[in-house]
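A.B. asks: Please read through the structure below; I'll follow up with questions.
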Amino acid sequence: MIEGIGVTDFLVVSTIMFFVGMYGFIVRKNLITILMSVELVLNSVNINFVAFNKYLYPDLLQGYMISLFVIGIAAAEAAVAIAIILNVYRKLQGIDVEHINTMKH
Amino acid sequence: MEAIIFYILALAIVVFSVMTVTSRNILRAAIYLLFVLMATAAIYFMLNYNFLAAVQLTVYSGGVVVLIVFAVLLTARMDHKLEKVGTGKTLISALLAFSGLSIVLWTIYGYKFIPNGMAEGAYDVKAIGFSMLSYGNYGYVLPFEVISVLLLASMIGAIMIAKRYTK
């Protein structure tokens with residue numbers, strides 16, 4: 001534990017990061033920047049898990065293990081998302097979300 | 001002293017994540033994301049979670065950011081600028097994010113977190129490895145196997161999707 005820092009401070013940091021990621025997810029139009037916003041959200045959730053593990057249940061390893069799994073899933077998700085983005089770019093010559101409506105009708 | 005370092009890291013995380021979603025140069029946004037992830041790893045180091053911090057540094061800031069930079073370079077030119085977002089859209093999204101933020105912060109400050117008061121357990125790699133492969137209480141062998149299958153599937157899927165089909 002860090003002297004003088006409670007679990008609330010961690011939660012405040014991760015909450016700010018989460019909602020900044022949400023803001024980017026809504027505002028941005030480029031697919032890669034949307035992917036970066038999703039990474040911000042996943043990372044903020046990881047901070048939450050770690051803070052709860054360290055401060056509230058220091059004898060267990062649950063938050064730690066879940067953070068490891070979240071990191072692995074985030075890496076897999078980024079790889080698949082970037083493969084899809086490259087394919088979309090090849091087909092439509094652009095990766096802005098408003099161009100991607102060929103499957104709409 | 002440690003509290004000051006934590007506040008500096010928290011400030012860096014907040015500032016760089018805001019810059020990630022507002023920067024108009026997409027490559028710069030990727031580098032700001034890298035700074036956010038490294039500051040997070042530094043916080044894990046401060047909490048003595050050394051293995052998790054190393055995984056964060058290698059997988060996240062090593063792997064994912066490099067993947068994103070490659071994707072940027074393959075899909076956009078170096079001097080490509082993203083278009084300006086309209087004021088109305090920015091305002092509405094900021095209001096939405098800010099209202100969500102205030103609700104969650106209100107909940108956090110209203111709740112009293114009670115530690116369970118036990119002594120700290122072992123966080124070394126040996127304990128993590130045993131816990132990851134044990135099937136008793138607090139064993140994680142099932143998620144471990146599931147994630148291994150998921151990683152294999154996503155690897156094959158990514159290769160198949162990104163492959164160039166020639167007729």
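Letters A, B, ... go to the chains of the structure tokens in the order shown; residues in each chain start at 1; ligands are counted from 1 in the same order.
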Residues of chain A near chain B: apply a cut-off of 6 Å, count only C-alpha atoms, and supply the list as a list in words.
C.D. replies: Met1, Phe19, Tyr23, Gly24, Leu56, Tyr57, Pro58, Asp59, Ala76, Val80, Ala83 and Asn87 of chain A
A.B. asks: Would you save the residues of that selection, restricted to all heavy atoms, as an mmCIF file, in the first residue's frame?
C.D. replies:
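Result file follows (out.cif):
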data_model
loop_
_atom_site.group_PDB
_atom_site.id
_atom_site.type_symbol
_atom_site.label_atom_id
_atom_site.label_comp_id
_atom_site.auth_asym_id
_atom_site.auth_seq_id
_atom_site.Cartn_x
_atom_site.Cartn_y
_atom_site.Cartn_z
ATOM 1 N N MET A 1 0.832 -1.203 0.000
ATOM 2 C CA MET A 1 0.000 0.000 0.000
ATOM 3 C C MET A 1 0.862 1.247 0.000
ATOM 4 O O MET A 1 1.982 1.253 0.490
ATOM 5 C CB MET A 1 -0.894 0.009 1.241
ATOM 6 C CG MET A 1 -2.126 -0.837 1.091
ATOM 7 S SD MET A 1 -3.280 -0.471 2.390
ATOM 8 C CE MET A 1 -3.345 -2.067 3.178
ATOM 9 N N PHE A 19 -14.158 7.604 -18.296
ATOM 10 C CA PHE A 19 -15.097 8.474 -18.994
ATOM 11 C C PHE A 19 -14.413 9.293 -20.079
ATOM 12 O O PHE A 19 -15.067 9.664 -21.055
ATOM 13 C CB PHE A 19 -15.868 9.335 -18.003
ATOM 14 C CG PHE A 19 -16.984 8.555 -17.375
ATOM 15 C CD1 PHE A 19 -16.872 8.048 -16.102
ATOM 16 C CD2 PHE A 19 -18.119 8.270 -18.099
ATOM 17 C CE1 PHE A 19 -17.872 7.295 -15.553
ATOM 18 C CE2 PHE A 19 -19.123 7.507 -17.552
ATOM 19 C CZ PHE A 19 -19.005 7.021 -16.284
ATOM 20 N N TYR A 23 -15.797 9.330 -23.823
ATOM 21 C CA TYR A 23 -15.911 10.555 -24.637
ATOM 22 C C TYR A 23 -15.253 10.342 -25.997
ATOM 23 O O TYR A 23 -15.840 10.673 -27.035
ATOM 24 C CB TYR A 23 -15.254 11.704 -23.876
ATOM 25 C CG TYR A 23 -15.071 12.953 -24.684
ATOM 26 C CD1 TYR A 23 -16.118 13.831 -24.881
ATOM 27 C CD2 TYR A 23 -13.835 13.264 -25.251
ATOM 28 C CE1 TYR A 23 -15.949 14.964 -25.641
ATOM 29 C CE2 TYR A 23 -13.667 14.392 -26.000
ATOM 30 C CZ TYR A 23 -14.729 15.238 -26.196
ATOM 31 O OH TYR A 23 -14.565 16.353 -26.951
ATOM 32 N N GLY A 24 -14.042 9.761 -26.001
ATOM 33 C CA GLY A 24 -13.376 9.504 -27.272
ATOM 34 C C GLY A 24 -14.147 8.525 -28.133
ATOM 35 O O GLY A 24 -14.224 8.668 -29.346
ATOM 36 N N LEU A 56 -8.504 -3.904 -0.307
ATOM 37 C CA LEU A 56 -9.623 -4.510 0.416
ATOM 38 C C LEU A 56 -9.376 -5.984 0.730
ATOM 39 O O LEU A 56 -9.788 -6.468 1.765
ATOM 40 C CB LEU A 56 -10.911 -4.361 -0.393
ATOM 41 C CG LEU A 56 -11.299 -2.922 -0.729
ATOM 42 C CD1 LEU A 56 -12.672 -2.895 -1.352
ATOM 43 C CD2 LEU A 56 -11.287 -2.044 0.488
ATOM 44 N N TYR A 57 -8.734 -6.730 -0.179
ATOM 45 C CA TYR A 57 -8.494 -8.162 0.055
ATOM 46 C C TYR A 57 -7.031 -8.485 -0.191
ATOM 47 O O TYR A 57 -6.705 -9.169 -1.162
ATOM 48 C CB TYR A 57 -9.391 -9.000 -0.870
ATOM 49 C CG TYR A 57 -10.850 -8.766 -0.641
ATOM 50 C CD1 TYR A 57 -11.557 -7.861 -1.421
ATOM 51 C CD2 TYR A 57 -11.518 -9.424 0.381
ATOM 52 C CE1 TYR A 57 -12.890 -7.619 -1.189
ATOM 53 C CE2 TYR A 57 -12.851 -9.194 0.609
ATOM 54 C CZ TYR A 57 -13.535 -8.294 -0.173
ATOM 55 O OH TYR A 57 -14.848 -8.057 0.066
ATOM 56 N N PRO A 58 -6.141 -7.980 0.644
ATOM 57 C CA PRO A 58 -4.700 -8.141 0.347
ATOM 58 C C PRO A 58 -4.204 -9.572 0.475
ATOM 59 O O PRO A 58 -3.107 -9.878 0.020
ATOM 60 C CB PRO A 58 -4.033 -7.223 1.370
ATOM 61 C CG PRO A 58 -5.008 -7.086 2.449
ATOM 62 C CD PRO A 58 -6.365 -7.223 1.852
ATOM 63 N N ASP A 59 -4.988 -10.483 1.070
ATOM 64 C CA ASP A 59 -4.494 -11.849 1.241
ATOM 65 C C ASP A 59 -4.788 -12.716 0.035
ATOM 66 O O ASP A 59 -4.255 -13.806 -0.083
ATOM 67 C CB ASP A 59 -5.129 -12.484 2.488
ATOM 68 C CG ASP A 59 -6.636 -12.394 2.451
ATOM 69 O OD1 ASP A 59 -7.135 -11.388 1.915
ATOM 70 O OD2 ASP A 59 -7.305 -13.302 2.948
ATOM 71 N N ALA A 76 -5.793 -9.772 -27.584
ATOM 72 C CA ALA A 76 -6.460 -10.546 -28.641
ATOM 73 C C ALA A 76 -7.443 -9.680 -29.403
ATOM 74 O O ALA A 76 -7.503 -9.710 -30.644
ATOM 75 C CB ALA A 76 -7.183 -11.737 -28.025
ATOM 76 N N VAL A 80 -7.506 -8.718 -33.531
ATOM 77 C CA VAL A 80 -8.622 -8.983 -34.442
ATOM 78 C C VAL A 80 -9.177 -7.679 -34.997
ATOM 79 O O VAL A 80 -9.465 -7.562 -36.203
ATOM 80 C CB VAL A 80 -9.716 -9.789 -33.713
ATOM 81 C CG1 VAL A 80 -10.930 -9.934 -34.582
ATOM 82 C CG2 VAL A 80 -9.192 -11.132 -33.343
ATOM 83 N N ALA A 83 -6.975 -6.360 -37.714
ATOM 84 C CA ALA A 83 -7.134 -7.128 -38.955
ATOM 85 C C ALA A 83 -8.384 -6.686 -39.704
ATOM 86 O O ALA A 83 -8.365 -6.476 -40.922
ATOM 87 C CB ALA A 83 -7.212 -8.613 -38.635
ATOM 88 N N ASN A 87 -8.725 -4.773 -43.451
ATOM 89 C CA ASN A 87 -9.579 -5.292 -44.507
ATOM 90 C C ASN A 87 -10.566 -4.239 -44.987
ATOM 91 O O ASN A 87 -10.795 -4.080 -46.189
ATOM 92 C CB ASN A 87 -10.319 -6.523 -43.987
ATOM 93 C CG ASN A 87 -10.420 -7.590 -45.033
ATOM 94 O OD1 ASN A 87 -9.894 -7.407 -46.130
ATOM 95 N ND2 ASN A 87 -11.075 -8.666 -44.724
#
A.B. asks: Which residues come within 9 Å of Ser67 of chain A, counting only C-alpha atoms, excluding same-chain residues fewer than 5 positions away, as a list in words?
C.D. replies: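 Everything that qualifies: Val45, Asn46, Ile47, Phe49, Val50, Gln62 and Gly72 of chain A; Leu52 of chain B.
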A.B. asks: Using the selection just defined, write its residues with C-alpha atoms as a PDB file, in the first residue's frame.
C.D. replies:
ATOM      1  CA  VAL A  45     -10.945  -1.207 -15.296  1.00  0.00           C
ATOM      2  CA  ASN A  46      -7.619  -2.959 -14.659  1.00  0.00           C
ATOM      3  CA  ILE A  47      -6.591  -0.212 -12.239  1.00  0.00           C
ATOM      4  CA  PHE A  49      -9.257  -4.508 -10.023  1.00  0.00           C
ATOM      5  CA  VAL A  50      -5.721  -3.955  -8.771  1.00  0.00           C
ATOM      6  CA  GLN A  62      -8.269 -12.476  -7.392  1.00  0.00           C
ATOM      7  CA  GLY A  72      -4.624 -10.980 -22.520  1.00  0.00           C
TER       8      GLY A  72
ATOM      9  CA  LEU B  52       1.611  -7.443 -13.469  1.00  0.00           C
TER      10      LEU B  52
END
A.B. asks: Determine which residues of chain A DSSP labels as alpha helix (DSSP H) from the backbone of this structure, then write them out as a ChimeraX atom specification.
C.D. replies: /A:7-27,31-55,62-92
A.B. asks: Compile the contact shell of segment 29-43 of chain A as a list in words: residues with an atom at most 6 Å away, counting only C-alpha atoms, same-chain residues fewer than 4 positions apart removed.
C.D. replies: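 So the residues in contact are Phe18, Gly21, Gly24, Phe25, Ile95, Asp96 and Val97 of chain A.
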A.B. asks: At what distance in Å, to one decimal, does atom CA of Gly110 of chain B lie from atom CA of Val7 of chain A?
C.D. replies: 13.1 Å
